[in-house]
file query-v7.cif (mmCIF, C-alpha atoms and all ligand atoms)
data_protein
#
loop_
_atom_site.label_atom_id
_atom_site.label_comp_id
_atom_site.auth_asym_id
_atom_site.auth_seq_id
_atom_site.Cartn_x
_atom_site.Cartn_y
_atom_site.Cartn_z
CA MET A 29 0.00 0.00 0.00
CA ASN A 30 2.71 2.35 1.07
CA GLY A 31 4.82 1.39 -1.88
CA VAL A 32 1.97 2.19 -4.29
CA ALA A 33 1.40 5.55 -2.64
CA THR A 34 5.09 6.44 -3.00
CA LEU A 35 5.06 5.33 -6.60
CA THR A 36 2.04 7.46 -7.57
CA GLY A 37 3.61 10.33 -5.59
CA LEU A 38 6.80 9.95 -7.59
CA MET A 39 4.87 9.76 -10.85
CA ARG A 40 3.01 12.93 -9.97
CA MET A 41 6.27 14.67 -9.20
CA GLY A 42 7.71 13.44 -12.45
CA LYS A 43 4.76 14.93 -14.31
CA ARG A 44 5.21 18.20 -12.51
CA VAL A 45 8.91 18.32 -13.41
CA GLN A 46 7.97 17.57 -17.03
CA LEU A 47 5.65 20.56 -16.99
CA VAL A 48 8.21 22.96 -15.54
CA GLY A 49 10.42 22.93 -18.64
CA PRO A 50 7.74 24.01 -21.15
CA LEU A 51 6.32 26.48 -18.62
CA VAL A 52 9.69 28.21 -18.19
CA VAL A 53 10.10 28.38 -21.97
CA LEU A 54 6.57 29.79 -22.39
CA LEU A 55 7.15 32.38 -19.69
CA ALA A 56 10.47 33.38 -21.26
CA VAL A 57 8.85 33.71 -24.70
CA VAL A 58 6.03 35.87 -23.32
CA LEU A 59 8.33 38.05 -21.24
CA LEU A 60 11.15 38.42 -23.75
CA SER A 61 8.98 38.98 -26.82
CA GLY A 62 8.80 42.63 -25.75
CA CYS A 63 12.58 42.97 -25.93
CA GLN A 64 12.87 43.21 -29.73
CA LEU A 65 13.75 46.87 -30.34
CA ALA A 66 13.39 47.13 -34.09
CA LEU A 67 9.64 46.48 -34.31
CA PRO A 68 7.85 48.90 -36.64
CA GLN A 69 5.80 50.43 -33.84
CA SER A 70 8.35 50.32 -31.02
CA THR A 71 8.53 53.42 -28.84
CA LEU A 72 11.93 52.11 -27.80
CA SER A 73 13.54 53.06 -31.11
CA PRO A 74 12.55 56.71 -31.48
CA ALA A 75 13.16 58.52 -34.76
CA GLY A 76 11.86 61.91 -33.64
CA ASP A 77 12.37 64.28 -30.71
CA VAL A 78 8.91 63.83 -29.17
CA ALA A 79 9.33 60.05 -29.13
CA GLN A 80 12.88 60.50 -27.81
CA ASN A 81 11.67 62.69 -24.92
CA GLN A 82 9.02 60.14 -24.09
CA GLN A 83 11.57 57.36 -24.12
CA ASN A 84 13.90 59.37 -21.85
CA LEU A 85 11.06 59.78 -19.36
CA PHE A 86 10.26 56.08 -19.59
CA VAL A 87 13.91 55.12 -18.94
CA PHE A 88 14.12 57.53 -15.98
CA ILE A 89 11.00 56.06 -14.34
CA PHE A 90 12.10 52.54 -15.23
CA TRP A 91 15.36 52.89 -13.30
CA ILE A 92 13.58 54.39 -10.28
CA ALA A 93 11.29 51.36 -10.36
CA VAL A 94 14.29 49.02 -10.63
CA VAL A 95 15.90 50.55 -7.52
CA ILE A 96 12.62 50.29 -5.58
CA PHE A 97 12.13 46.71 -6.78
CA VAL A 98 15.61 45.65 -5.70
CA LEU A 99 15.26 47.33 -2.28
CA VAL A 100 11.81 45.92 -1.54
CA GLN A 101 12.60 42.42 -2.76
CA GLY A 102 15.98 42.54 -0.99
CA PHE A 103 14.39 43.41 2.37
CA LEU A 104 11.71 40.82 1.75
CA ILE A 105 14.27 38.06 1.12
CA ILE A 106 16.35 39.10 4.14
CA ALA A 107 13.22 39.07 6.32
CA ILE A 108 12.12 35.68 5.02
CA LEU A 109 15.51 34.09 5.60
CA LYS A 110 16.34 35.75 8.87
CA TYR A 111 12.99 35.39 10.60
CA ARG A 112 11.73 32.13 9.18
CA ALA A 113 10.42 29.52 11.61
CA ARG A 114 13.15 27.16 12.66
CA GLN A 115 12.95 24.03 14.73
CA GLY A 116 12.93 24.94 18.39
CA ARG A 117 12.01 28.60 17.92
CA GLU A 118 8.51 28.36 16.42
CA GLN A 119 7.20 30.66 19.13
CA ASP A 120 9.83 33.39 18.64
CA ILE A 121 8.40 36.69 17.53
CA PRO A 122 10.88 39.17 16.07
CA PRO A 123 11.01 42.73 17.49
CA GLN A 124 7.86 44.60 16.40
CA VAL A 125 8.14 48.00 14.68
CA HIS A 126 4.46 49.01 14.84
CA GLY A 127 4.13 52.58 16.09
CA ASN A 128 7.79 53.39 15.43
CA THR A 129 7.43 57.11 14.61
CA PRO A 130 10.67 57.74 12.63
CA LEU A 131 9.93 54.67 10.45
CA GLU A 132 6.29 55.68 9.90
CA ILE A 133 7.36 59.21 8.87
CA GLY A 134 10.13 57.78 6.68
CA TRP A 135 7.93 55.48 4.66
CA THR A 136 5.28 58.12 4.23
CA ILE A 137 7.67 60.80 2.99
CA ALA A 138 9.83 58.59 0.76
CA PRO A 139 7.01 57.45 -1.58
CA ALA A 140 5.58 60.98 -1.66
CA LEU A 141 9.00 62.26 -2.79
CA ILE A 142 9.26 59.54 -5.41
CA VAL A 143 5.82 60.41 -6.79
CA ILE A 144 6.78 64.10 -6.94
CA VAL A 145 10.06 63.29 -8.71
CA ILE A 146 8.12 61.28 -11.30
CA THR A 147 5.21 63.71 -11.64
CA ILE A 148 7.20 66.86 -12.44
CA PRO A 149 8.90 65.61 -15.65
CA THR A 150 5.75 63.68 -16.63
CA VAL A 151 3.46 66.71 -16.49
CA ALA A 152 6.10 68.88 -18.17
CA GLY A 153 6.50 66.19 -20.83
CA ILE A 154 2.77 66.01 -21.52
CA GLY A 155 2.68 69.79 -21.85
CA ALA A 156 5.48 69.66 -24.42
CA THR A 157 3.54 67.34 -26.75
CA TYR A 158 1.06 70.01 -27.88
CA ASP A 159 3.31 72.65 -29.41
CA ALA A 160 7.01 72.56 -30.17
CA PRO A 161 9.04 74.20 -27.35
CA ASP A 162 10.72 77.58 -27.99
CA SER A 163 14.02 75.88 -28.76
CA TYR A 164 12.49 74.86 -32.11
CA ALA A 165 11.55 78.42 -33.06
CA ASN A 166 14.09 78.47 -35.91
CA ASP A 167 13.04 75.14 -37.42
CA PRO A 168 10.88 75.13 -40.54
CA THR A 169 7.26 74.22 -39.83
CA LEU A 170 4.46 72.46 -41.66
CA THR A 171 0.84 72.25 -40.54
CA ILE A 172 -1.31 69.26 -41.47
CA GLU A 173 -4.94 68.69 -40.58
CA VAL A 174 -5.58 65.06 -39.73
CA VAL A 175 -9.15 63.87 -40.07
CA GLY A 176 -10.09 60.46 -38.71
CA HIS A 177 -12.76 58.56 -40.65
CA GLN A 178 -14.12 55.06 -40.07
CA TRP A 179 -11.53 53.58 -40.98
CA TRP A 180 -8.95 55.68 -42.73
CA TRP A 181 -7.03 58.94 -42.34
CA GLU A 182 -7.41 62.09 -44.39
CA TYR A 183 -4.41 64.45 -44.50
CA ARG A 184 -5.05 68.08 -45.40
CA TYR A 185 -1.82 70.01 -45.93
CA LEU A 186 -1.93 73.74 -45.19
CA ASP A 187 0.30 76.36 -46.78
CA GLU A 188 2.19 79.09 -44.90
CA ASP A 189 -0.92 81.28 -44.74
CA GLY A 190 -2.93 78.50 -43.19
CA ASP A 191 -4.98 77.92 -46.37
CA LEU A 192 -5.62 74.47 -47.76
CA ASP A 193 -2.75 73.43 -50.00
CA PHE A 194 -3.67 69.87 -51.03
CA VAL A 195 -5.42 66.79 -49.69
CA THR A 196 -4.25 63.20 -49.55
CA ALA A 197 -5.05 60.07 -47.54
CA ASN A 198 -3.44 57.39 -45.39
CA GLU A 199 0.17 57.97 -46.43
CA LEU A 200 1.63 60.90 -44.52
CA HIS A 201 4.68 62.51 -46.11
CA ILE A 202 6.86 64.85 -44.07
CA PRO A 203 10.25 66.50 -44.50
CA VAL A 204 12.87 65.61 -41.85
CA ASP A 205 14.01 68.11 -39.19
CA THR A 206 10.81 70.10 -39.59
CA VAL A 207 8.27 70.87 -36.89
CA ILE A 208 5.07 69.17 -38.03
CA ASN A 209 2.03 70.68 -36.33
CA LEU A 210 -0.91 68.31 -36.48
CA ARG A 211 -4.49 69.52 -36.04
CA LEU A 212 -6.66 66.51 -35.32
CA ALA A 213 -10.39 66.24 -35.99
CA SER A 214 -12.83 63.40 -36.41
CA ASN A 215 -15.53 62.90 -38.98
CA ASP A 216 -17.48 60.36 -36.91
CA VAL A 217 -16.37 58.67 -33.67
CA ILE A 218 -13.35 58.99 -31.38
CA HIS A 219 -10.11 57.78 -32.95
CA SER A 220 -6.55 58.14 -31.76
CA PHE A 221 -3.64 59.12 -33.98
CA SER A 222 -0.34 57.48 -33.30
CA VAL A 223 2.97 56.89 -35.07
CA PRO A 224 4.94 55.58 -32.08
CA ARG A 225 8.45 55.98 -33.46
CA LEU A 226 7.78 59.69 -34.03
CA ALA A 227 5.45 60.64 -31.16
CA GLY A 228 2.93 59.22 -28.75
CA ALA A 229 -0.80 59.03 -29.37
CA ARG A 230 -3.43 61.76 -29.25
CA ASP A 231 -7.18 61.30 -29.26
CA VAL A 232 -9.11 62.50 -32.28
CA VAL A 233 -12.49 63.61 -30.98
CA PRO A 234 -15.58 64.67 -32.93
CA GLY A 235 -16.53 68.28 -32.32
CA ARG A 236 -13.12 69.48 -31.25
CA ILE A 237 -9.69 70.07 -32.68
CA ASN A 238 -6.83 68.50 -30.76
CA ARG A 239 -3.24 69.24 -31.50
CA MET A 240 0.15 67.62 -31.26
CA TRP A 241 3.52 68.17 -32.85
CA LEU A 242 6.24 65.85 -34.04
CA ASN A 243 9.39 65.85 -36.07
CA ALA A 244 11.43 63.12 -37.73
CA THR A 245 15.16 63.26 -37.13
CA GLU A 246 15.89 60.40 -39.55
CA THR A 247 14.48 59.61 -42.96
CA GLY A 248 12.43 56.42 -43.00
CA VAL A 249 9.04 54.78 -43.17
CA TYR A 250 7.20 54.74 -39.85
CA ALA A 251 4.12 52.67 -39.15
CA GLY A 252 1.19 53.91 -37.13
CA GLN A 253 -2.30 52.90 -36.18
CA CYS A 254 -5.53 54.15 -34.70
CA LYS A 255 -5.25 53.55 -30.96
CA GLU A 256 -8.85 54.03 -29.85
CA PHE A 257 -11.44 51.36 -30.58
CA CYS A 258 -13.66 52.89 -33.27
CA GLY A 259 -15.82 50.07 -34.65
CA ASP A 260 -15.67 46.94 -36.81
CA SER A 261 -12.46 47.62 -38.69
CA HIS A 262 -10.59 49.59 -36.03
CA ALA A 263 -7.68 47.15 -36.25
CA LEU A 264 -7.51 47.85 -40.00
CA MET A 265 -7.17 51.61 -39.53
CA ARG A 266 -3.45 52.04 -39.91
CA THR A 267 -1.29 54.79 -41.24
CA VAL A 268 2.25 55.20 -42.47
CA ALA A 269 4.57 58.21 -42.36
CA PHE A 270 7.30 58.72 -44.94
CA ALA A 271 9.98 61.05 -43.59
CA ARG A 272 12.13 62.30 -46.44
CA GLU A 273 14.86 64.82 -47.18
CA ARG A 274 13.38 68.24 -47.78
CA ALA A 275 14.09 68.24 -51.53
CA ASP A 276 12.40 64.84 -51.93
CA TYR A 277 9.45 66.01 -49.89
CA GLU A 278 9.14 69.21 -51.95
CA GLU A 279 9.13 67.19 -55.14
CA TRP A 280 6.35 64.99 -53.78
CA ALA A 281 4.36 68.03 -52.56
CA ALA A 282 4.71 69.81 -55.90
CA ASN A 283 3.20 66.78 -57.59
CA GLU A 284 0.37 66.62 -55.05
CA ARG A 285 -0.48 70.26 -55.80
CA ARG A 286 -0.87 69.47 -59.47
CA PRO A 287 -4.26 68.33 -60.73
CA ALA A 288 -4.61 64.72 -61.80
CA VAL A 289 -2.91 63.75 -65.05
CA MET A 290 -4.93 64.51 -68.13
CA ARG A 291 -7.15 61.78 -69.38
CA THR A 292 -5.40 59.73 -72.02
CA GLU A 293 -7.23 57.53 -74.42
CA ALA A 294 -6.06 54.45 -72.55
CA MET A 295 -7.64 55.79 -69.37
CA GLU A 296 -10.98 56.50 -70.99
CA ALA A 297 -12.54 53.09 -70.28
CA GLY A 298 -11.57 53.23 -66.61
CA TRP A 299 -12.88 56.76 -66.24
CA THR A 300 -16.20 55.65 -67.65
CA VAL A 301 -16.46 52.87 -65.08
CA PHE A 302 -15.49 55.36 -62.38
CA GLU A 303 -18.06 57.86 -63.53
CA GLU A 304 -20.91 55.40 -63.96
CA ASN A 305 -20.54 53.42 -60.74
CA ALA A 306 -21.02 55.87 -57.92
CA CYS A 307 -17.24 56.09 -57.34
CA LYS A 308 -17.48 59.72 -58.32
CA GLY A 309 -19.94 60.44 -55.55
CA CYS A 310 -17.62 59.22 -52.81
CA HIS A 311 -14.13 60.09 -54.08
CA THR A 312 -12.40 63.25 -55.22
CA ILE A 313 -10.14 63.44 -58.26
CA GLU A 314 -9.02 66.98 -58.83
CA GLY A 315 -8.88 67.91 -62.48
CA ALA A 316 -7.34 70.90 -64.19
CA THR A 317 -10.47 72.69 -65.27
CA GLU A 318 -13.94 71.39 -65.62
CA GLU A 319 -13.82 71.45 -69.39
CA GLU A 320 -10.56 69.63 -69.72
CA TYR A 321 -11.22 67.08 -67.11
CA GLU A 322 -14.34 66.30 -65.27
CA LEU A 323 -14.07 66.66 -61.54
CA ALA A 324 -15.03 64.04 -59.02
CA ILE A 325 -15.81 65.74 -55.77
CA GLY A 326 -17.03 63.05 -53.38
CA VAL A 327 -15.74 63.29 -49.83
CA THR A 328 -16.99 60.06 -48.24
CA GLY A 329 -13.86 58.18 -49.26
CA PRO A 330 -10.15 59.00 -49.68
CA ASN A 331 -9.00 61.59 -52.21
CA LEU A 332 -7.73 59.68 -55.25
CA THR A 333 -6.14 62.55 -57.22
CA HIS A 334 -2.68 60.97 -57.03
CA PHE A 335 -3.70 57.49 -56.00
CA GLY A 336 -1.22 55.94 -58.47
CA SER A 337 1.70 57.29 -56.44
CA ARG A 338 0.50 55.64 -53.23
CA VAL A 339 1.76 52.15 -52.46
CA THR A 340 -0.90 50.97 -50.03
CA ILE A 341 -4.68 50.69 -49.95
CA ALA A 342 -7.42 50.49 -47.35
CA ALA A 343 -5.61 52.65 -44.79
CA ASN A 344 -2.29 50.87 -45.25
CA THR A 345 -3.60 47.44 -44.40
CA LEU A 346 -2.52 46.10 -47.80
CA HIS A 347 -0.08 47.00 -50.52
CA LYS A 348 -1.56 47.06 -53.99
CA GLY A 349 0.45 44.21 -55.42
CA PRO A 350 0.24 40.42 -55.55
CA ALA A 351 -1.54 39.02 -52.51
CA ASP A 352 1.33 36.68 -51.59
CA MET A 353 3.96 39.43 -51.51
CA THR A 354 4.98 40.81 -48.12
CA MET A 355 4.49 44.48 -47.32
CA GLY A 356 8.26 44.82 -46.82
CA ALA A 357 9.13 43.35 -50.21
CA PHE A 358 6.61 45.59 -51.96
CA PHE A 359 7.87 48.70 -50.16
CA GLU A 360 11.47 47.91 -51.04
CA ASP A 361 10.71 47.45 -54.70
CA VAL A 362 7.64 49.54 -55.50
CA PRO A 363 6.84 48.66 -59.10
CA THR A 364 7.94 51.41 -61.44
CA ASP A 365 7.89 49.25 -64.54
CA PRO A 366 5.07 50.60 -66.75
CA ASP A 367 4.18 47.09 -67.87
CA PHE A 368 3.80 45.92 -64.30
CA MET A 369 0.21 46.99 -64.05
CA GLN A 370 -0.77 44.94 -67.06
CA ARG A 371 0.82 41.84 -65.67
CA ASP A 372 -1.43 39.33 -63.97
CA PRO A 373 -1.82 39.29 -60.97
CA ALA A 374 0.20 42.51 -60.60
CA TYR A 375 -2.36 44.60 -58.75
CA GLU A 376 -4.16 41.69 -57.17
CA ASN A 377 -4.86 43.32 -53.78
CA LEU A 378 -6.13 46.51 -55.39
CA ARG A 379 -8.27 44.49 -57.75
CA ASN A 380 -9.73 42.49 -54.84
CA TRP A 381 -10.46 45.73 -53.03
CA LEU A 382 -12.31 47.20 -55.98
CA ASN A 383 -14.13 43.93 -56.50
CA ASN A 384 -15.50 43.65 -52.96
CA ALA A 385 -14.23 46.18 -50.43
CA PRO A 386 -16.38 45.01 -47.47
CA ASP A 387 -14.85 41.56 -47.87
CA VAL A 388 -11.41 43.08 -47.28
CA LYS A 389 -12.53 45.55 -44.63
CA PRO A 390 -15.69 44.62 -42.74
CA GLY A 391 -18.08 47.50 -42.28
CA THR A 392 -16.48 49.86 -44.81
CA GLU A 393 -18.76 52.35 -46.51
CA MET A 394 -17.33 51.41 -49.89
CA PRO A 395 -19.86 48.97 -51.35
CA ASP A 396 -19.42 45.85 -53.45
CA LEU A 397 -20.39 47.29 -56.83
CA ASP A 398 -20.61 44.03 -58.72
CA LEU A 399 -18.12 44.99 -61.41
CA SER A 400 -17.08 42.70 -64.25
CA ASP A 401 -13.50 41.50 -64.72
CA GLN A 402 -13.08 43.89 -67.63
CA GLN A 403 -14.37 46.82 -65.58
CA LEU A 404 -11.94 45.92 -62.78
CA ASP A 405 -9.00 45.83 -65.21
CA ASP A 406 -10.01 49.18 -66.66
CA LEU A 407 -10.35 50.70 -63.18
CA VAL A 408 -6.97 49.42 -62.01
CA PHE A 409 -5.34 50.90 -65.10
CA PHE A 410 -7.14 54.21 -64.67
CA LEU A 411 -6.40 54.52 -60.94
CA GLU A 412 -2.76 53.53 -61.33
CA SER A 413 -2.35 56.19 -64.01
CA LEU A 414 -3.26 58.86 -61.46
CA LYS A 415 0.33 59.51 -60.43
C1 LIG B 1 -20.37 54.92 -50.71
C2 LIG B 1 -19.09 55.51 -50.93
C3 LIG B 1 -18.09 54.87 -51.83
C4 LIG B 1 -18.26 54.42 -53.12
C5 LIG B 1 -19.53 54.41 -53.93
C6 LIG B 1 -16.96 54.00 -53.57
N1 LIG B 1 -16.02 54.15 -52.59
FE1 LIG B 1 -14.07 53.78 -52.73
N2 LIG B 1 -13.83 54.13 -50.76
C7 LIG B 1 -14.83 54.57 -49.92
C8 LIG B 1 -14.31 54.62 -48.58
C9 LIG B 1 -15.06 55.07 -47.33
C10 LIG B 1 -12.98 54.16 -48.64
C11 LIG B 1 -11.99 54.03 -47.50
C12 LIG B 1 -12.05 52.63 -46.98
C13 LIG B 1 -11.12 52.38 -45.86
O1 LIG B 1 -9.89 52.30 -46.09
O2 LIG B 1 -11.59 52.24 -44.74
C14 LIG B 1 -12.71 53.86 -50.03
C15 LIG B 1 -11.48 53.43 -50.53
C16 LIG B 1 -11.18 53.33 -51.86
C17 LIG B 1 -9.86 53.09 -52.39
C18 LIG B 1 -8.59 52.90 -51.57
C19 LIG B 1 -8.03 54.26 -51.26
C20 LIG B 1 -6.88 54.27 -50.29
O3 LIG B 1 -6.07 55.18 -50.34
O4 LIG B 1 -6.80 53.36 -49.45
C21 LIG B 1 -9.98 53.07 -53.74
C22 LIG B 1 -8.87 52.88 -54.75
C23 LIG B 1 -11.37 53.28 -54.05
N3 LIG B 1 -12.05 53.43 -52.88
C24 LIG B 1 -11.89 53.31 -55.34
C25 LIG B 1 -13.26 53.30 -55.61
C26 LIG B 1 -13.82 53.04 -56.91
C27 LIG B 1 -13.03 52.82 -58.16
C28 LIG B 1 -15.17 53.07 -56.75
C29 LIG B 1 -16.24 52.81 -57.81
C30 LIG B 1 -16.15 51.51 -58.43
C31 LIG B 1 -15.45 53.37 -55.37
N4 LIG B 1 -14.26 53.49 -54.71
C32 LIG B 1 -16.71 53.51 -54.85
C33 LIG B 1 -16.11 54.94 -50.28
C34 LIG B 1 -16.68 54.66 -51.51
CU CU B 2 -9.76 53.10 -34.19
#
call {"tool": "encode", "arguments": {"input": "query-v7.cif", "output": "C-alpha cells"}}
result
Amino acid sequence: MNGVATLTGLMRMGKRVQLVGPLVVLLAVVLLSGCQLALPQSTLSPAGDVAQNQQNLFVFIFWIAVVIFVLVQGFLIIAILKYRARQGREQDIPPQVHGNTPLEIGWTIAPALIVIVITIPTVAGIGATYDAPDSYANDPTLTIEVVGHQWWWEYRYLDEDGDLDFVTANELHIPVDTVINLRLASNDVIHSFSVPRLAGARDVVPGRINRMWLNATETGVYAGQCKEFCGDSHALMRTVAFARERADYEEWAANERRPAVMRTEAMEAGWTVFEENACKGCHTIEGATEEEYELAIGVTGPNLTHFGSRVTIAANTLHKGPADMTMGAFFEDVPTDPDFMQRDPAYENLRNWLNNAPDVKPGTEMPDLDLSDQQLDDLVFFLESLK
C-alpha cells in the first residue's frame, strides 16, 4: 500500500517536473517577446524628438522602479531568511516596529517624494507634446490637418498662410528636421492618432480640434495605427509616415499640388467605369479645369487625385500588389515598370479591393459594386495612371 502511494507520488512529481520545462520556456517567450527593439511600432527606437523625450522619461521612471524593486525584494528576502520559523524557535516573535514614529514618517515621505520626482517631468513632458518648445523656433514648420474617418485617415496640408494646399489620404509625407504641427479632428467617432516611433498618441475627438507636434530626425518609413477602438475595422485603420529629405518632400508636394494627369485615351474606359458606378460620388479626383477634365468631388472616401503614387490601400492594411507578396518586399521594390500593371496578378490586392471592399474591410462604406473583370482591369489601369 505504502509502496503504491510512493510510486504514484513519484509519478506525480515526475509529471510536474515535465511541466516545468515548457512552462519556463513559455514564460520566457512571453516576457522576452517585448525585448525586440526594431519592431515597426516600437517606442523604444525613437526617430523623432517627441518620441525621444518620451523614451527618456520612460527610462528615468524605469530605473527608479528598478531601484525600488531591488530594495523591496531585498528586504523581503532578508526578512524571510532571517525570521523564518526554525525548529525549536517556532514561538519566537521578532522585534515589532508598529508605532515606530521615525519609520512611519520615513515610509510616508519617501514614496511621496518619489511620486513628486516622477510627476514633475511627466506633467512637463505632456505639456510639451502640444506645441514645439521655444528651442524649435528656428526650425521650418508644416501644418497638417488630420481627419479620422471610419476607418482611414485624411491628411489636409496647409500652406504658410494657413490655407488648404492639397489633400491626400493614409500615407503621410513629411520633411525631416521640420516641426510638423498636427491639427486633429474626427468625422465620426473617437479615434486616436499614433505613429509611435515619431510621437505618442493623441485622441481624435468629434466636435473638437486636438493638436500635437512631431518631427522626424531620420528619414524612414514609420508605421502607425488608430489607438482608440472605433468600430468593426478599427484594427484595419493604420497609417504610415514617410519622412524624407526636404528636396524629396518638396518634389512629392509639388506633384500633389498638381491636378490629376490629363485623361489619355487608354484611361478613358476606366474613367467611364469610375463615372458610372457611384465612385465619383464618394471620391475626389481633382482635375485641371472642368472642361478639360471632369471633376469628381465626393468626400466620403479617400481623395484619389494621385492614387497611383500611393503604395498601399485600405488605410495601409494592404499594398496594392500580388496578394502573396509581403508588405516589406513591396515597399522595397515599389513597381515602377510601366508594364507591371498589365501583368497578372500585378495589382491583385487593389483588384480584390475594388471587386468587394467590405470583404477586405468589414463595415467599410465602400460597397461591393458588382463589377465585371473587364471593368476591374479598366479601373486598375485608370487609378494607377493617377500619379
Ligand atoms: C459609398 C461611398 C463609396 C463608393 C460608392 C466608392 N467608394 Fe471607394 N472608398 C470609400 C471609402 C469610405 C474608402 C476608404 C475605406 C477604408 O480604407 O476604410 C474607399 C477606398 C477606396 C480606395 C482605396 C483608397 C486608399 O487610399 O486606401 C480606392 C482605390 C477606391 N475606394 C476606389 C473606388 C472606386 C473605383 C469606386 C467605384 C467603383 C469606389 N471606390 C466607390 C467609399 C466609396
Ligand atoms: Cu480606431
call {"tool": "closest_atom_pairs", "arguments": {"input": "query-v7.cif", "of": "chain A", "to": "ligand CU 2 (chain B)", "cutoff": "8 Å", "atoms": "all atoms listed in the file", "output": "Markdown table"}}
result
| residue | atom | partner | partner_atom | distance |
| --- | --- | --- | --- | --- |
| A:Gln178 | CA | B:CU2 | CU | 7.6 |
| A:Trp179 | CA | B:CU2 | CU | 7.0 |
| A:Ile218 | CA | B:CU2 | CU | 7.4 |
| A:His219 | CA | B:CU2 | CU | 4.9 |
| A:Ser220 | CA | B:CU2 | CU | 6.5 |
| A:Gln253 | CA | B:CU2 | CU | 7.7 |
| A:Cys254 | CA | B:CU2 | CU | 4.4 |
| A:Lys255 | CA | B:CU2 | CU | 5.6 |
| A:Glu256 | CA | B:CU2 | CU | 4.5 |
| A:Phe257 | CA | B:CU2 | CU | 4.3 |
| A:Cys258 | CA | B:CU2 | CU | 4.0 |
| A:Gly259 | CA | B:CU2 | CU | 6.8 |
| A:Ser261 | CA | B:CU2 | CU | 7.6 |
| A:His262 | CA | B:CU2 | CU | 4.0 |
| A:Ala263 | CA | B:CU2 | CU | 6.6 |
| A:Met265 | CA | B:CU2 | CU | 6.1 |
call {"tool": "closest_residue", "arguments": {"input": "query-v7.cif", "among": "A:Ala275, A:Leu414, A:Ile92, A:Val78", "to": "Thr245 (chain A)", "atoms": "all atoms listed in the file"}}
result
A:Val78
call {"tool": "residues_near_ligand", "arguments": {"input": "query-v7.cif", "ligand": "ligand LIG 1 (chain B)", "cutoff": "7 Å", "atoms": "only C-alpha atoms and all ligand atoms", "output": "PyMOL selection string"}}
result
chain A and resi 178-180+197-198+265+301-302+305-307+309-311+328-330+332+335+340-344+378+382+389+392-395+397+407+411
call {"tool": "write_last_selection", "arguments": {"input": "query-v7.cif", "atoms": "C-alpha atoms", "output": "PDB file, keeping the file's coordinate frame"}}
result
ATOM      1  CA  GLN A 178     -14.120  55.060 -40.070  1.00  0.00           C
ATOM      2  CA  TRP A 179     -11.530  53.580 -40.980  1.00  0.00           C
ATOM      3  CA  TRP A 180      -8.950  55.680 -42.730  1.00  0.00           C
ATOM      4  CA  ALA A 197      -5.050  60.070 -47.540  1.00  0.00           C
ATOM      5  CA  ASN A 198      -3.440  57.390 -45.390  1.00  0.00           C
ATOM      6  CA  MET A 265      -7.170  51.610 -39.530  1.00  0.00           C
ATOM      7  CA  VAL A 301     -16.460  52.870 -65.080  1.00  0.00           C
ATOM      8  CA  PHE A 302     -15.490  55.360 -62.380  1.00  0.00           C
ATOM      9  CA  ASN A 305     -20.540  53.420 -60.740  1.00  0.00           C
ATOM     10  CA  ALA A 306     -21.020  55.870 -57.920  1.00  0.00           C
ATOM     11  CA  CYS A 307     -17.240  56.090 -57.340  1.00  0.00           C
ATOM     12  CA  GLY A 309     -19.940  60.440 -55.550  1.00  0.00           C
ATOM     13  CA  CYS A 310     -17.620  59.220 -52.810  1.00  0.00           C
ATOM     14  CA  HIS A 311     -14.130  60.090 -54.080  1.00  0.00           C
ATOM     15  CA  THR A 328     -16.990  60.060 -48.240  1.00  0.00           C
ATOM     16  CA  GLY A 329     -13.860  58.180 -49.260  1.00  0.00           C
ATOM     17  CA  PRO A 330     -10.150  59.000 -49.680  1.00  0.00           C
ATOM     18  CA  LEU A 332      -7.730  59.680 -55.250  1.00  0.00           C
ATOM     19  CA  PHE A 335      -3.700  57.490 -56.000  1.00  0.00           C
ATOM     20  CA  THR A 340      -0.900  50.970 -50.030  1.00  0.00           C
ATOM     21  CA  ILE A 341      -4.680  50.690 -49.950  1.00  0.00           C
ATOM     22  CA  ALA A 342      -7.420  50.490 -47.350  1.00  0.00           C
ATOM     23  CA  ALA A 343      -5.610  52.650 -44.790  1.00  0.00           C
ATOM     24  CA  ASN A 344      -2.290  50.870 -45.250  1.00  0.00           C
ATOM     25  CA  LEU A 378      -6.130  46.510 -55.390  1.00  0.00           C
ATOM     26  CA  LEU A 382     -12.310  47.200 -55.980  1.00  0.00           C
ATOM     27  CA  LYS A 389     -12.530  45.550 -44.630  1.00  0.00           C
ATOM     28  CA  THR A 392     -16.480  49.860 -44.810  1.00  0.00           C
ATOM     29  CA  GLU A 393     -18.760  52.350 -46.510  1.00  0.00           C
ATOM     30  CA  MET A 394     -17.330  51.410 -49.890  1.00  0.00           C
ATOM     31  CA  PRO A 395     -19.860  48.970 -51.350  1.00  0.00           C
ATOM     32  CA  LEU A 397     -20.390  47.290 -56.830  1.00  0.00           C
ATOM     33  CA  LEU A 407     -10.350  50.700 -63.180  1.00  0.00           C
ATOM     34  CA  LEU A 411      -6.400  54.520 -60.940  1.00  0.00           C
TER      35      LEU A 411
END
call {"tool": "atom_distance", "arguments": {"input": "query-v7.cif", "atom1": "CA of Trp299 (chain A)", "atom2": "CA of Asp406 (chain A)"}}
result
8.1 Å
call {"tool": "closest_atom_pairs", "arguments": {"input": "query-v7.cif", "of": "region 227-310 of chain A", "to": "region 79-86 of chain A", "cutoff": "12 Å", "atoms": "only C-alpha atoms", "output": "CSV"}}
result
residue,atom,partner,partner_atom,distance
A:Ala227,CA,A:Ala79,CA,4.4
A:Gly228,CA,A:Ala79,CA,6.5
A:Ala229,CA,A:Ala79,CA,10.2
A:Trp241,CA,A:Ala79,CA,10.7
A:Leu242,CA,A:Ala79,CA,8.2
A:Asn243,CA,A:Ala79,CA,9.0
A:Ala244,CA,A:Ala79,CA,9.4
A:Thr245,CA,A:Gln80,CA,10.0
call {"tool": "write_last_selection", "arguments": {"input": "query-v7.cif", "atoms": "C-alpha atoms", "output": "PDB file, keeping the file's coordinate frame"}}
result
ATOM      1  CA  ALA A 227       5.450  60.640 -31.160  1.00  0.00           C
ATOM      2  CA  GLY A 228       2.930  59.220 -28.750  1.00  0.00           C
ATOM      3  CA  ALA A 229      -0.800  59.030 -29.370  1.00  0.00           C
ATOM      4  CA  TRP A 241       3.520  68.170 -32.850  1.00  0.00           C
ATOM      5  CA  LEU A 242       6.240  65.850 -34.040  1.00  0.00           C
ATOM      6  CA  ASN A 243       9.390  65.850 -36.070  1.00  0.00           C
ATOM      7  CA  ALA A 244      11.430  63.120 -37.730  1.00  0.00           C
ATOM      8  CA  THR A 245      15.160  63.260 -37.130  1.00  0.00           C
TER       9      THR A 245
END
